[in-house]
Amino acid sequence: MASVVTAIGGLRIAMDWEGAERWWLLPVLLSVVAQAAIAWLPWARIVRSRRTRRWLTAWWLGEMPVMLLFGWVDRDGWMLYVPAVVLLLITAAALWSPRFVIALGVMSVGGYALLLPTRAGTNFGTTVLLVAMMGCIVGLTALHAKSRRSLDSRRRTAEQRAETLLAASADAVIAIGPDGMVVYATESITQMLGVPKQRLVGRNFSDLMPSDRVLPARQFLDELIALPLGQSLRSESQLQAADGRWVYVDVLATNWVDDPGIAAAVVSLRDIGARRELEEKLHVQAFTDSLTGMPNRALFRQRLDEAVAADDDRPVTVLLLDLDDFKLVNDNLGHSAGDELLTTIAGRLRRHVRPADVLARLGGDEFAILMRDLEPGDAAALAERLVRTIREPIRLGSRDITCSLSIGIATSAAGERPGDQLLGYADLAMYAAKRAGRNGYAIFDPTMTMSVLEEAQLRVDLEQALEHDEFAVLYQPVVDMQTQSVSSVEALVRWNHPRDGLLSPYHFIAAAEANGLIVPLGRWVLREACAQLARWRAESPAAAGLKVNVNLSARQFQYAGLVDDVAGALRDAGLDAASLTLEITESMLMEDIETAKRTLHSLRALGVRLAIDDFGTGYSSLSYLKQLPVDVIKIDKTFVDDVDTDADDVALVDAVAGLGQALKMQTVAEGIETDAQWATLRRLGIDHGQGYLFGRPADPEQIRTLLDGVSTVSA
């Protein structure tokens, strides 16, 4: 505006001034050029400087005498004076206070009052009227200045409030121009990145990002700018902090590029590092076994599905590993010892897998290995190494524990079978290894499916048999070898199968032992035998001295609640403990002699009698036998069959009889079927006998009839 007004003055000089005075045109033109040149400076920022504003004040005040002088010199200058002064007042109202505008207006009115009568030749009335109108203009510009300052004050207050709120927010806000330059940033950016916002403004936003994120970020900005005004996009990215670390941020960007007041994309940044850390922690927890640090079942299944879905012909091999009788460790030593054992096992397994293999703990005592490019022969060799490794003793506290491992192996070409089917095949093979005696491995064969289905059906039938009381207990007499009087009866379980009739233990005991149902079955037999003995004693005086023998299975003997089960059965039946004899096989004792000794002493503390069944078929030594609190030695049937004809069997039985006398143990010969066997055993000094010669297993009513006809003797 100053350039235009000055140019108008220059045009006036060129057109109407005398030739001698036109030299004024040169400084006026220089002034026009100078003012036009500085018009391109960033005045919106310059006027905020107090020093600049003082110089501008002097410039405004200096304009008044120049305009007055021009109005005085030019014959029509008084007419140009009014619009020039009005323009000066209007521009002053945009920058200065009402007080300054009034002062400037007083000066302009004074100059106008001087020019009107002297240069325009107006009379007093006209002069007063025009001066009054000029005064009104001054008043209006002063009111405008006041209103403008009030609006500016409210705007600054609102901006300060917004700045305060933004500074207090954890979110940082930056404005990015269409060219990618940061044009604005809040103080929160300093807390987030450690970079002063003054250093951030004027930089390209790509300077804050990793190189692999620059192109996606540029595409994100282009996509945002293409949206309608006010629309937003959301994303996640990384920014580099001043200390070099990368900060994960949630980005909410809104397009205000076409808004003339903003002309930028406004981006809100929220630090999500803590959230991502938590997500990563949860991800680790979701796919990692907390005890061993291995992948868990979920991650193993994911890797297995990826392997079988791979578009290649490389074979996929799964090894499923299960510790044998791990539950006994938890029951006898506690869960902390079990956890320590699993951690040790995991460490040993790690030493035998390749970096590319997946070793996982599926849960409990079950592990799995996923391997590629492994031939069946190599898988078998690996399984052998793993079995040997796990078999090495493990120190738990003050004890050495020996574990065994059953491994199932299944292999198929990639894409040939679904992952769950391959894992199921490995599971079938693993159970085949357990059925074969444990501590070994088996490779899946399609015939396993049928046998497993049969076993599964047998398990269901056994569970239903327990639930529906389909089992029965028969009793076989044990007699005194000299008098043939019944001293005790051995409880023998049978299964009244609804389809197959009465089944001997041969048909179901092994299956019950394998699937763990032998423990509840054995508990039921124990309670039923004790209760039946109590009924016989109540019904027949001849049963007053009768005792009952109950066999314990391997799992039942290892069961931590065995002593409580025995005590409960005696208590509920109302029997004295000496009325019960528990029979344990020699092989069960020798499997873990120290644990066996503790269990036997706990049972002896109840007062029950203890017998070693099938003596001679195991590997017990005299030193161990002497340490065990055993009352009875039962000689296995294999040594009785030919005792009347085979000198070796005679010598063996004679030695056992002498051993029993030396250790003050009673002896019982099993499987006596002939009078010759009976006579030989009686001559050798065997105390009691059992077999078909004296009676087959019979139901409780038949035993009561036998008792009424044959008196019992104390054993």
# chains A, B, ... in the order shown; residues from 1 in each chain; ligands from 1

$ residues_around --residues "Gly10 in chain A" --least-positions-apart "2" --cutoff "7 Å" --atoms "only C-alpha atoms" --output "ChimeraX atom specification"
/A:6-8,12-14,25,28-29

$ closest_atom_pairs --of "range 567-674 of chain A" --to "range 470-478 of chain A" --cutoff "12 Å" --atoms "only C-alpha atoms" --output "tab-separated table"
residue	atom	partner	partner_atom	distance
A:Lys634	CA	A:Val478	CA	11.1
A:Thr667	CA	A:Val478	CA	11.3
A:Val668	CA	A:Val478	CA	8.3
A:Ala669	CA	A:Val478	CA	9.3
A:Glu670	CA	A:Val478	CA	9.0
A:Gly671	CA	A:Val478	CA	10.7
A:Ile672	CA	A:Val478	CA	10.6

$ select_by_dssp --residues "range 18-180 of chain A" --states "helix (DSSP H, G or I)" --output "MDAnalysis selection string"
chainID A and resid 19:38 43:46 50:73 77:93 98:120 124:168

$ closest_residue --among "A:Gly522, A:Gly574, A:Gly501, A:Gly424" --to "Phe557 in chain A" --atoms "only C-alpha atoms"
A:Gly522

$ residues_around --residues "Trp72 in chain A" --least-positions-apart "6" --cutoff "8 Å" --atoms "only C-alpha atoms" --output "ChimeraX atom specification"
/A:78,115,119

$ select_by_dssp --residues "range 275-463 of chain A" --states "strand (DSSP E)" --output "mmCIF file with all heavy atoms, in the first residue's frame"
data_model
loop_
_atom_site.group_PDB
_atom_site.id
_atom_site.type_symbol
_atom_site.label_atom_id
_atom_site.label_comp_id
_atom_site.auth_asym_id
_atom_site.auth_seq_id
_atom_site.Cartn_x
_atom_site.Cartn_y
_atom_site.Cartn_z
ATOM 1 N N PRO A 315 11.004 -84.198 3.177
ATOM 2 C CA PRO A 315 10.199 -84.913 4.169
ATOM 3 C C PRO A 315 10.091 -84.123 5.479
ATOM 4 O O PRO A 315 10.990 -83.381 5.861
ATOM 5 C CB PRO A 315 10.979 -86.219 4.371
ATOM 6 C CG PRO A 315 12.382 -85.888 3.985
ATOM 7 C CD PRO A 315 12.277 -84.883 2.878
ATOM 8 N N VAL A 316 8.956 -84.308 6.136
ATOM 9 C CA VAL A 316 8.699 -83.696 7.437
ATOM 10 C C VAL A 316 8.630 -84.820 8.461
ATOM 11 O O VAL A 316 7.847 -85.765 8.311
ATOM 12 C CB VAL A 316 7.377 -82.906 7.425
ATOM 13 C CG1 VAL A 316 7.126 -82.285 8.795
ATOM 14 C CG2 VAL A 316 7.412 -81.830 6.349
ATOM 15 N N THR A 317 9.445 -84.726 9.494
ATOM 16 C CA THR A 317 9.513 -85.775 10.513
ATOM 17 C C THR A 317 9.127 -85.191 11.868
ATOM 18 O O THR A 317 9.617 -84.131 12.263
ATOM 19 C CB THR A 317 10.921 -86.381 10.606
ATOM 20 O OG1 THR A 317 11.266 -86.940 9.342
ATOM 21 C CG2 THR A 317 10.978 -87.460 11.671
ATOM 22 N N VAL A 318 8.269 -85.908 12.568
ATOM 23 C CA VAL A 318 7.861 -85.519 13.915
ATOM 24 C C VAL A 318 8.257 -86.632 14.872
ATOM 25 O O VAL A 318 7.937 -87.808 14.643
ATOM 26 C CB VAL A 318 6.346 -85.265 14.000
ATOM 27 C CG1 VAL A 318 5.920 -85.058 15.443
ATOM 28 C CG2 VAL A 318 5.965 -84.052 13.170
ATOM 29 N N LEU A 319 8.964 -86.262 15.934
ATOM 30 C CA LEU A 319 9.281 -87.187 17.021
ATOM 31 C C LEU A 319 8.500 -86.728 18.249
ATOM 32 O O LEU A 319 8.646 -85.589 18.696
ATOM 33 C CB LEU A 319 10.774 -87.207 17.342
ATOM 34 C CG LEU A 319 11.697 -87.962 16.369
ATOM 35 C CD1 LEU A 319 11.977 -87.121 15.135
ATOM 36 C CD2 LEU A 319 13.002 -88.327 17.069
ATOM 37 N N LEU A 320 7.656 -87.601 18.767
ATOM 38 C CA LEU A 320 6.876 -87.298 19.961
ATOM 39 C C LEU A 320 7.485 -88.054 21.130
ATOM 40 O O LEU A 320 7.606 -89.287 21.083
ATOM 41 C CB LEU A 320 5.416 -87.686 19.758
ATOM 42 C CG LEU A 320 4.440 -87.171 20.807
ATOM 43 C CD1 LEU A 320 4.396 -85.651 20.800
ATOM 44 C CD2 LEU A 320 3.039 -87.726 20.547
ATOM 45 N N LEU A 321 7.887 -87.329 22.164
ATOM 46 C CA LEU A 321 8.617 -87.915 23.288
ATOM 47 C C LEU A 321 7.776 -87.791 24.558
ATOM 48 O O LEU A 321 7.219 -86.723 24.848
ATOM 49 C CB LEU A 321 9.958 -87.210 23.506
ATOM 50 C CG LEU A 321 10.965 -87.190 22.358
ATOM 51 C CD1 LEU A 321 10.608 -86.132 21.325
ATOM 52 C CD2 LEU A 321 12.372 -86.913 22.889
ATOM 53 N N ASP A 322 7.707 -88.876 25.318
ATOM 54 C CA ASP A 322 6.944 -88.872 26.561
ATOM 55 C C ASP A 322 7.752 -89.595 27.627
ATOM 56 O O ASP A 322 8.221 -90.728 27.417
ATOM 57 C CB ASP A 322 5.591 -89.568 26.359
ATOM 58 C CG ASP A 322 4.695 -89.412 27.569
ATOM 59 O OD1 ASP A 322 4.021 -88.379 27.674
ATOM 60 O OD2 ASP A 322 4.680 -90.323 28.425
ATOM 61 N N LEU A 323 7.932 -88.932 28.783
ATOM 62 C CA LEU A 323 8.645 -89.563 29.888
ATOM 63 C C LEU A 323 7.778 -90.657 30.491
ATOM 64 O O LEU A 323 6.567 -90.477 30.687
ATOM 65 C CB LEU A 323 8.998 -88.530 30.959
ATOM 66 C CG LEU A 323 10.036 -87.479 30.574
ATOM 67 C CD1 LEU A 323 10.234 -86.492 31.715
ATOM 68 C CD2 LEU A 323 11.360 -88.131 30.223
ATOM 69 N N VAL A 358 12.748 -77.737 15.366
ATOM 70 C CA VAL A 358 11.862 -77.140 16.372
ATOM 71 C C VAL A 358 11.695 -78.151 17.500
ATOM 72 O O VAL A 358 11.104 -79.220 17.315
ATOM 73 C CB VAL A 358 10.489 -76.774 15.782
ATOM 74 C CG1 VAL A 358 9.596 -76.166 16.858
ATOM 75 C CG2 VAL A 358 10.653 -75.796 14.626
ATOM 76 N N LEU A 359 12.233 -77.804 18.667
ATOM 77 C CA LEU A 359 12.074 -78.625 19.870
ATOM 78 C C LEU A 359 11.090 -77.914 20.785
ATOM 79 O O LEU A 359 11.305 -76.770 21.170
ATOM 80 C CB LEU A 359 13.422 -78.826 20.565
ATOM 81 C CG LEU A 359 13.385 -79.471 21.962
ATOM 82 C CD1 LEU A 359 12.814 -80.878 21.884
ATOM 83 C CD2 LEU A 359 14.781 -79.485 22.583
ATOM 84 N N ALA A 360 10.000 -78.581 21.127
ATOM 85 C CA ALA A 360 8.930 -77.938 21.887
ATOM 86 C C ALA A 360 8.506 -78.830 23.042
ATOM 87 O O ALA A 360 8.644 -80.061 22.993
ATOM 88 C CB ALA A 360 7.732 -77.641 20.990
ATOM 89 N N ARG A 361 8.000 -78.172 24.068
ATOM 90 C CA ARG A 361 7.334 -78.899 25.157
ATOM 91 C C ARG A 361 5.834 -78.727 24.952
ATOM 92 O O ARG A 361 5.308 -77.621 25.025
ATOM 93 C CB ARG A 361 7.756 -78.356 26.512
ATOM 94 C CG ARG A 361 7.094 -79.106 27.685
ATOM 95 C CD ARG A 361 7.360 -78.445 29.006
ATOM 96 N NE ARG A 361 6.629 -79.095 30.088
ATOM 97 C CZ ARG A 361 6.221 -78.486 31.189
ATOM 98 N NH1 ARG A 361 6.481 -77.194 31.355
ATOM 99 N NH2 ARG A 361 5.547 -79.136 32.123
ATOM 100 N N LEU A 362 5.159 -79.834 24.699
ATOM 101 C CA LEU A 362 3.732 -79.774 24.397
ATOM 102 C C LEU A 362 2.879 -79.668 25.648
ATOM 103 O O LEU A 362 1.712 -79.285 25.582
ATOM 104 C CB LEU A 362 3.314 -81.006 23.588
ATOM 105 C CG LEU A 362 4.073 -81.246 22.273
ATOM 106 C CD1 LEU A 362 3.428 -82.378 21.508
ATOM 107 C CD2 LEU A 362 4.122 -79.975 21.436
ATOM 108 N N GLY A 363 3.462 -79.988 26.798
ATOM 109 C CA GLY A 363 2.713 -79.933 28.044
ATOM 110 C C GLY A 363 3.064 -81.119 28.920
ATOM 111 O O GLY A 363 3.335 -82.220 28.426
ATOM 112 N N GLU A 366 5.530 -84.188 28.068
ATOM 113 C CA GLU A 366 5.518 -84.514 26.645
ATOM 114 C C GLU A 366 6.288 -83.464 25.848
ATOM 115 O O GLU A 366 6.026 -82.274 25.970
ATOM 116 C CB GLU A 366 4.070 -84.600 26.147
ATOM 117 C CG GLU A 366 3.928 -85.253 24.792
ATOM 118 C CD GLU A 366 2.469 -85.468 24.423
ATOM 119 O OE1 GLU A 366 1.676 -84.509 24.548
ATOM 120 O OE2 GLU A 366 2.124 -86.588 24.016
ATOM 121 N N PHE A 367 7.239 -83.926 25.018
ATOM 122 C CA PHE A 367 8.033 -83.064 24.164
ATOM 123 C C PHE A 367 7.840 -83.505 22.710
ATOM 124 O O PHE A 367 7.371 -84.619 22.441
ATOM 125 C CB PHE A 367 9.522 -83.139 24.523
ATOM 126 C CG PHE A 367 9.839 -82.654 25.909
ATOM 127 C CD1 PHE A 367 9.716 -83.496 27.011
ATOM 128 C CD2 PHE A 367 10.270 -81.352 26.128
ATOM 129 C CE1 PHE A 367 10.010 -83.062 28.288
ATOM 130 C CE2 PHE A 367 10.565 -80.899 27.396
ATOM 131 C CZ PHE A 367 10.437 -81.750 28.479
ATOM 132 N N ALA A 368 8.209 -82.621 21.791
ATOM 133 C CA ALA A 368 8.108 -82.957 20.372
ATOM 134 C C ALA A 368 9.248 -82.283 19.621
ATOM 135 O O ALA A 368 9.710 -81.201 20.003
ATOM 136 C CB ALA A 368 6.764 -82.528 19.790
ATOM 137 N N ILE A 369 9.695 -82.937 18.543
ATOM 138 C CA ILE A 369 10.751 -82.403 17.688
ATOM 139 C C ILE A 369 10.236 -82.423 16.248
ATOM 140 O O ILE A 369 9.742 -83.450 15.779
ATOM 141 C CB ILE A 369 12.050 -83.213 17.796
ATOM 142 C CG1 ILE A 369 12.523 -83.290 19.255
ATOM 143 C CG2 ILE A 369 13.146 -82.592 16.932
ATOM 144 C CD1 ILE A 369 13.732 -84.196 19.453
ATOM 145 N N LEU A 370 10.358 -81.283 15.585
ATOM 146 C CA LEU A 370 9.989 -81.162 14.170
ATOM 147 C C LEU A 370 11.267 -80.997 13.365
ATOM 148 O O LEU A 370 12.060 -80.096 13.627
ATOM 149 C CB LEU A 370 9.062 -79.964 13.959
ATOM 150 C CG LEU A 370 8.752 -79.589 12.507
ATOM 151 C CD1 LEU A 370 8.010 -80.718 11.812
ATOM 152 C CD2 LEU A 370 7.949 -78.296 12.452
ATOM 153 N N MET A 371 11.454 -81.862 12.361
ATOM 154 C CA MET A 371 12.689 -81.848 11.584
ATOM 155 C C MET A 371 12.356 -81.953 10.103
ATOM 156 O O MET A 371 11.374 -82.588 9.711
ATOM 157 C CB MET A 371 13.614 -82.998 12.013
ATOM 158 C CG MET A 371 13.774 -83.134 13.520
ATOM 159 S SD MET A 371 14.908 -84.440 14.029
ATOM 160 C CE MET A 371 16.458 -83.566 13.940
ATOM 161 N N ARG A 372 13.190 -81.336 9.266
ATOM 162 C CA ARG A 372 13.078 -81.438 7.807
ATOM 163 C C ARG A 372 14.305 -82.173 7.278
ATOM 164 O O ARG A 372 15.369 -82.181 7.893
ATOM 165 C CB ARG A 372 13.012 -80.046 7.175
ATOM 166 C CG ARG A 372 11.902 -79.145 7.685
ATOM 167 C CD ARG A 372 10.516 -79.669 7.317
ATOM 168 N NE ARG A 372 10.330 -79.900 5.897
ATOM 169 C CZ ARG A 372 9.920 -78.968 5.041
ATOM 170 N NH1 ARG A 372 9.646 -77.739 5.478
ATOM 171 N NH2 ARG A 372 9.751 -79.252 3.766
ATOM 172 N N ILE A 394 19.890 -88.601 36.854
ATOM 173 C CA ILE A 394 19.704 -87.161 37.078
ATOM 174 C C ILE A 394 19.675 -86.919 38.572
ATOM 175 O O ILE A 394 18.931 -87.576 39.308
ATOM 176 C CB ILE A 394 18.400 -86.665 36.422
ATOM 177 C CG1 ILE A 394 18.460 -86.852 34.909
ATOM 178 C CG2 ILE A 394 18.135 -85.199 36.764
ATOM 179 C CD1 ILE A 394 17.168 -86.523 34.202
ATOM 180 N N ARG A 395 20.466 -85.968 39.022
ATOM 181 C CA ARG A 395 20.554 -85.659 40.447
ATOM 182 C C ARG A 395 19.453 -84.674 40.830
ATOM 183 O O ARG A 395 19.387 -83.561 40.309
ATOM 184 C CB ARG A 395 21.925 -85.048 40.760
ATOM 185 C CG ARG A 395 22.211 -84.908 42.249
ATOM 186 C CD ARG A 395 22.523 -86.254 42.857
ATOM 187 N NE ARG A 395 22.933 -86.152 44.253
ATOM 188 C CZ ARG A 395 23.200 -87.198 45.021
ATOM 189 N NH1 ARG A 395 23.115 -88.420 44.507
ATOM 190 N NH2 ARG A 395 23.565 -87.036 46.269
ATOM 191 N N LEU A 396 18.566 -85.079 41.700
ATOM 192 C CA LEU A 396 17.518 -84.203 42.225
ATOM 193 C C LEU A 396 17.688 -84.128 43.733
ATOM 194 O O LEU A 396 17.369 -85.075 44.462
ATOM 195 C CB LEU A 396 16.124 -84.730 41.881
ATOM 196 C CG LEU A 396 15.727 -84.754 40.401
ATOM 197 C CD1 LEU A 396 14.321 -85.306 40.253
ATOM 198 C CD2 LEU A 396 15.808 -83.357 39.814
ATOM 199 N N ARG A 399 19.201 -87.156 45.725
ATOM 200 C CA ARG A 399 18.888 -88.450 45.132
ATOM 201 C C ARG A 399 19.227 -88.459 43.648
ATOM 202 O O ARG A 399 19.169 -87.433 42.985
ATOM 203 C CB ARG A 399 17.400 -88.775 45.306
ATOM 204 C CG ARG A 399 16.945 -88.805 46.741
ATOM 205 C CD ARG A 399 15.518 -89.288 46.820
ATOM 206 N NE ARG A 399 15.372 -90.606 46.232
ATOM 207 C CZ ARG A 399 14.201 -91.223 46.109
ATOM 208 N NH1 ARG A 399 13.108 -90.618 46.508
ATOM 209 N NH2 ARG A 399 14.144 -92.410 45.568
ATOM 210 N N ASP A 400 19.575 -89.639 43.162
ATOM 211 C CA ASP A 400 19.777 -89.850 41.735
ATOM 212 C C ASP A 400 18.529 -90.517 41.171
ATOM 213 O O ASP A 400 18.101 -91.572 41.659
ATOM 214 C CB ASP A 400 21.005 -90.729 41.471
ATOM 215 C CG ASP A 400 22.308 -89.971 41.684
ATOM 216 O OD1 ASP A 400 22.293 -88.742 41.517
ATOM 217 O OD2 ASP A 400 23.317 -90.605 42.029
ATOM 218 N N ILE A 401 17.936 -89.878 40.152
ATOM 219 C CA ILE A 401 16.724 -90.394 39.516
ATOM 220 C C ILE A 401 17.067 -90.877 38.115
ATOM 221 O O ILE A 401 17.786 -90.202 37.375
ATOM 222 C CB ILE A 401 15.636 -89.306 39.446
ATOM 223 C CG1 ILE A 401 15.271 -88.834 40.851
ATOM 224 C CG2 ILE A 401 14.406 -89.822 38.726
ATOM 225 C CD1 ILE A 401 14.659 -89.902 41.715
ATOM 226 N N LEU A 405 12.337 -92.987 28.401
ATOM 227 C CA LEU A 405 11.640 -92.171 27.413
ATOM 228 C C LEU A 405 11.017 -93.090 26.370
ATOM 229 O O LEU A 405 11.641 -94.047 25.918
ATOM 230 C CB LEU A 405 12.645 -91.227 26.750
ATOM 231 C CG LEU A 405 12.123 -90.067 25.909
ATOM 232 C CD1 LEU A 405 11.382 -89.077 26.777
ATOM 233 C CD2 LEU A 405 13.297 -89.371 25.222
ATOM 234 N N SER A 406 9.774 -92.790 26.011
ATOM 235 C CA SER A 406 9.122 -93.490 24.899
ATOM 236 C C SER A 406 8.946 -92.495 23.764
ATOM 237 O O SER A 406 8.435 -91.391 23.984
ATOM 238 C CB SER A 406 7.770 -94.055 25.328
ATOM 239 O OG SER A 406 7.932 -95.048 26.326
ATOM 240 N N ILE A 407 9.365 -92.883 22.558
ATOM 241 C CA ILE A 407 9.386 -91.960 21.421
ATOM 242 C C ILE A 407 8.589 -92.562 20.273
ATOM 243 O O ILE A 407 8.752 -93.739 19.927
ATOM 244 C CB ILE A 407 10.829 -91.680 20.953
ATOM 245 C CG1 ILE A 407 11.666 -91.120 22.110
ATOM 246 C CG2 ILE A 407 10.836 -90.709 19.772
ATOM 247 C CD1 ILE A 407 13.126 -90.905 21.757
ATOM 248 N N GLY A 408 7.732 -91.740 19.672
ATOM 249 C CA GLY A 408 7.020 -92.123 18.466
ATOM 250 C C GLY A 408 7.506 -91.288 17.292
ATOM 251 O O GLY A 408 7.701 -90.077 17.428
ATOM 252 N N ILE A 409 7.731 -91.929 16.149
ATOM 253 C CA ILE A 409 8.277 -91.253 14.971
ATOM 254 C C ILE A 409 7.288 -91.388 13.818
ATOM 255 O O ILE A 409 6.788 -92.487 13.537
ATOM 256 C CB ILE A 409 9.635 -91.857 14.562
ATOM 257 C CG1 ILE A 409 10.624 -91.812 15.744
ATOM 258 C CG2 ILE A 409 10.208 -91.120 13.357
ATOM 259 C CD1 ILE A 409 11.919 -92.559 15.478
ATOM 260 N N ALA A 410 7.008 -90.259 13.161
ATOM 261 C CA ALA A 410 6.164 -90.274 11.959
ATOM 262 C C ALA A 410 6.789 -89.350 10.928
ATOM 263 O O ALA A 410 7.211 -88.234 11.261
ATOM 264 C CB ALA A 410 4.746 -89.837 12.281
ATOM 265 N N THR A 411 6.858 -89.794 9.683
ATOM 266 C CA THR A 411 7.481 -89.027 8.599
ATOM 267 C C THR A 411 6.571 -89.033 7.380
ATOM 268 O O THR A 411 5.945 -90.055 7.068
ATOM 269 C CB THR A 411 8.852 -89.619 8.223
ATOM 270 O OG1 THR A 411 9.702 -89.614 9.372
ATOM 271 C CG2 THR A 411 9.507 -88.803 7.118
ATOM 272 N N SER A 412 6.505 -87.895 6.704
ATOM 273 C CA SER A 412 5.766 -87.820 5.448
ATOM 274 C C SER A 412 6.374 -86.726 4.600
ATOM 275 O O SER A 412 7.082 -85.847 5.099
ATOM 276 C CB SER A 412 4.285 -87.538 5.688
ATOM 277 O OG SER A 412 4.108 -86.209 6.135
ATOM 278 N N ALA A 413 6.079 -86.745 3.296
ATOM 279 C CA ALA A 413 6.531 -85.678 2.404
ATOM 280 C C ALA A 413 5.706 -84.435 2.653
ATOM 281 O O ALA A 413 4.549 -84.502 3.088
ATOM 282 C CB ALA A 413 6.394 -86.121 0.953
ATOM 283 N N GLY A 440 12.113 -96.813 24.785
ATOM 284 C CA GLY A 440 12.468 -97.126 23.410
ATOM 285 C C GLY A 440 11.682 -96.255 22.455
ATOM 286 O O GLY A 440 11.078 -95.260 22.840
ATOM 287 N N TYR A 441 11.693 -96.634 21.189
ATOM 288 C CA TYR A 441 11.001 -95.848 20.173
ATOM 289 C C TYR A 441 10.270 -96.775 19.231
ATOM 290 O O TYR A 441 10.527 -97.992 19.171
ATOM 291 C CB TYR A 441 11.987 -94.968 19.400
ATOM 292 C CG TYR A 441 12.938 -95.742 18.514
ATOM 293 C CD1 TYR A 441 12.615 -96.005 17.180
ATOM 294 C CD2 TYR A 441 14.147 -96.213 19.008
ATOM 295 C CE1 TYR A 441 13.473 -96.727 16.370
ATOM 296 C CE2 TYR A 441 15.012 -96.935 18.204
ATOM 297 C CZ TYR A 441 14.676 -97.188 16.885
ATOM 298 O OH TYR A 441 15.517 -97.907 16.079
ATOM 299 N N ALA A 442 9.337 -96.202 18.497
ATOM 300 C CA ALA A 442 8.612 -96.945 17.471
ATOM 301 C C ALA A 442 8.344 -96.007 16.312
ATOM 302 O O ALA A 442 8.087 -94.811 16.510
ATOM 303 C CB ALA A 442 7.304 -97.515 18.018
ATOM 304 N N ILE A 443 8.431 -96.549 15.087
ATOM 305 C CA ILE A 443 8.140 -95.783 13.872
ATOM 306 C C ILE A 443 6.715 -96.116 13.433
ATOM 307 O O ILE A 443 6.316 -97.284 13.425
ATOM 308 C CB ILE A 443 9.145 -96.111 12.764
ATOM 309 C CG1 ILE A 443 10.562 -95.743 13.227
ATOM 310 C CG2 ILE A 443 8.801 -95.371 11.482
ATOM 311 C CD1 ILE A 443 11.657 -96.133 12.249
#

$ closest_residue --among "A:Ile703, A:Leu503, A:Ala573, A:Ala514" --to "Ser488 in chain A" --atoms "only C-alpha atoms"
A:Ile703

$ closest_residue --among "A:Pro98, A:Gly180, A:Gly111, A:Gly660" --to "Ser147 in chain A" --atoms "only C-alpha atoms"
A:Pro98

$ closest_residue --among "A:Asp708, A:Asp74, A:Asp339, A:Asp311" --to "Pro541 in chain A" --atoms "only C-alpha atoms"
A:Asp708

$ residues_around --residues "Ala265 in chain A" --least-positions-apart "6" --cutoff "10 Å" --atoms "only C-alpha atoms" --output "count of residues only"
21

$ residues_around --residues "Arg535 in chain A" --least-positions-apart "3" --cutoff "12 Å" --atoms "only C-alpha atoms" --output "CSV table (one decimal) with N, CA and C atoms, in the first residue's frame"
chain,number,residue,atom,x,y,z
A,528,GLU,N,-12.9,-104.3,48.5
A,528,GLU,CA,-13.9,-105.4,48.4
A,528,GLU,C,-13.4,-106.6,49.2
A,529,ALA,N,-12.1,-106.9,49.1
A,529,ALA,CA,-11.6,-108.1,49.8
A,529,ALA,C,-11.6,-107.9,51.3
A,530,CYS,N,-11.3,-106.7,51.8
A,530,CYS,CA,-11.4,-106.4,53.2
A,530,CYS,C,-12.8,-106.5,53.7
A,531,ALA,N,-13.7,-105.9,53.0
A,531,ALA,CA,-15.1,-106.0,53.4
A,531,ALA,C,-15.7,-107.4,53.4
A,532,GLN,N,-15.2,-108.2,52.4
A,532,GLN,CA,-15.7,-109.6,52.3
A,532,GLN,C,-15.2,-110.4,53.5
A,538,ALA,N,-18.2,-112.3,60.3
A,538,ALA,CA,-19.5,-112.0,61.0
A,538,ALA,C,-20.5,-113.2,60.8
A,539,GLU,N,-20.3,-113.9,59.6
A,539,GLU,CA,-21.3,-115.0,59.3
A,539,GLU,C,-20.9,-116.4,59.8
A,540,SER,N,-19.5,-116.6,60.0
A,540,SER,CA,-19.1,-117.9,60.3
A,540,SER,C,-18.0,-117.9,61.4
A,541,PRO,N,-18.1,-118.6,62.4
A,541,PRO,CA,-17.1,-118.7,63.5
A,541,PRO,C,-15.8,-119.3,62.9
A,543,ALA,N,-14.3,-118.5,60.3
A,543,ALA,CA,-13.5,-117.5,59.6
A,543,ALA,C,-12.8,-116.6,60.6
A,544,ALA,N,-12.9,-116.9,61.9
A,544,ALA,CA,-12.3,-116.0,62.9
A,544,ALA,C,-10.8,-115.7,62.7
A,546,LEU,N,-9.2,-116.3,59.8
A,546,LEU,CA,-8.9,-116.2,58.3
A,546,LEU,C,-8.3,-114.9,58.0
A,573,ALA,N,-13.7,-101.5,56.8
A,573,ALA,CA,-14.1,-102.8,57.0
A,573,ALA,C,-14.1,-103.2,58.5
A,574,GLY,N,-13.5,-102.5,59.3
A,574,GLY,CA,-13.4,-102.8,60.8
A,574,GLY,C,-12.5,-104.0,61.0
A,575,LEU,N,-11.4,-104.1,60.2
A,575,LEU,CA,-10.5,-105.2,60.4
A,575,LEU,C,-9.2,-104.7,61.1
A,700,PRO,N,-17.5,-115.8,46.9
A,700,PRO,CA,-17.6,-115.7,48.4
A,700,PRO,C,-18.4,-116.8,49.1
A,701,GLU,N,-19.6,-117.2,48.4
A,701,GLU,CA,-20.4,-118.2,49.0
A,701,GLU,C,-19.8,-119.6,49.1
A,703,ILE,N,-16.6,-120.1,49.2
A,703,ILE,CA,-15.5,-120.0,50.2
A,703,ILE,C,-16.1,-120.2,51.6
A,704,ARG,N,-17.3,-119.6,51.9
A,704,ARG,CA,-17.9,-119.7,53.2
A,704,ARG,C,-18.3,-121.2,53.4
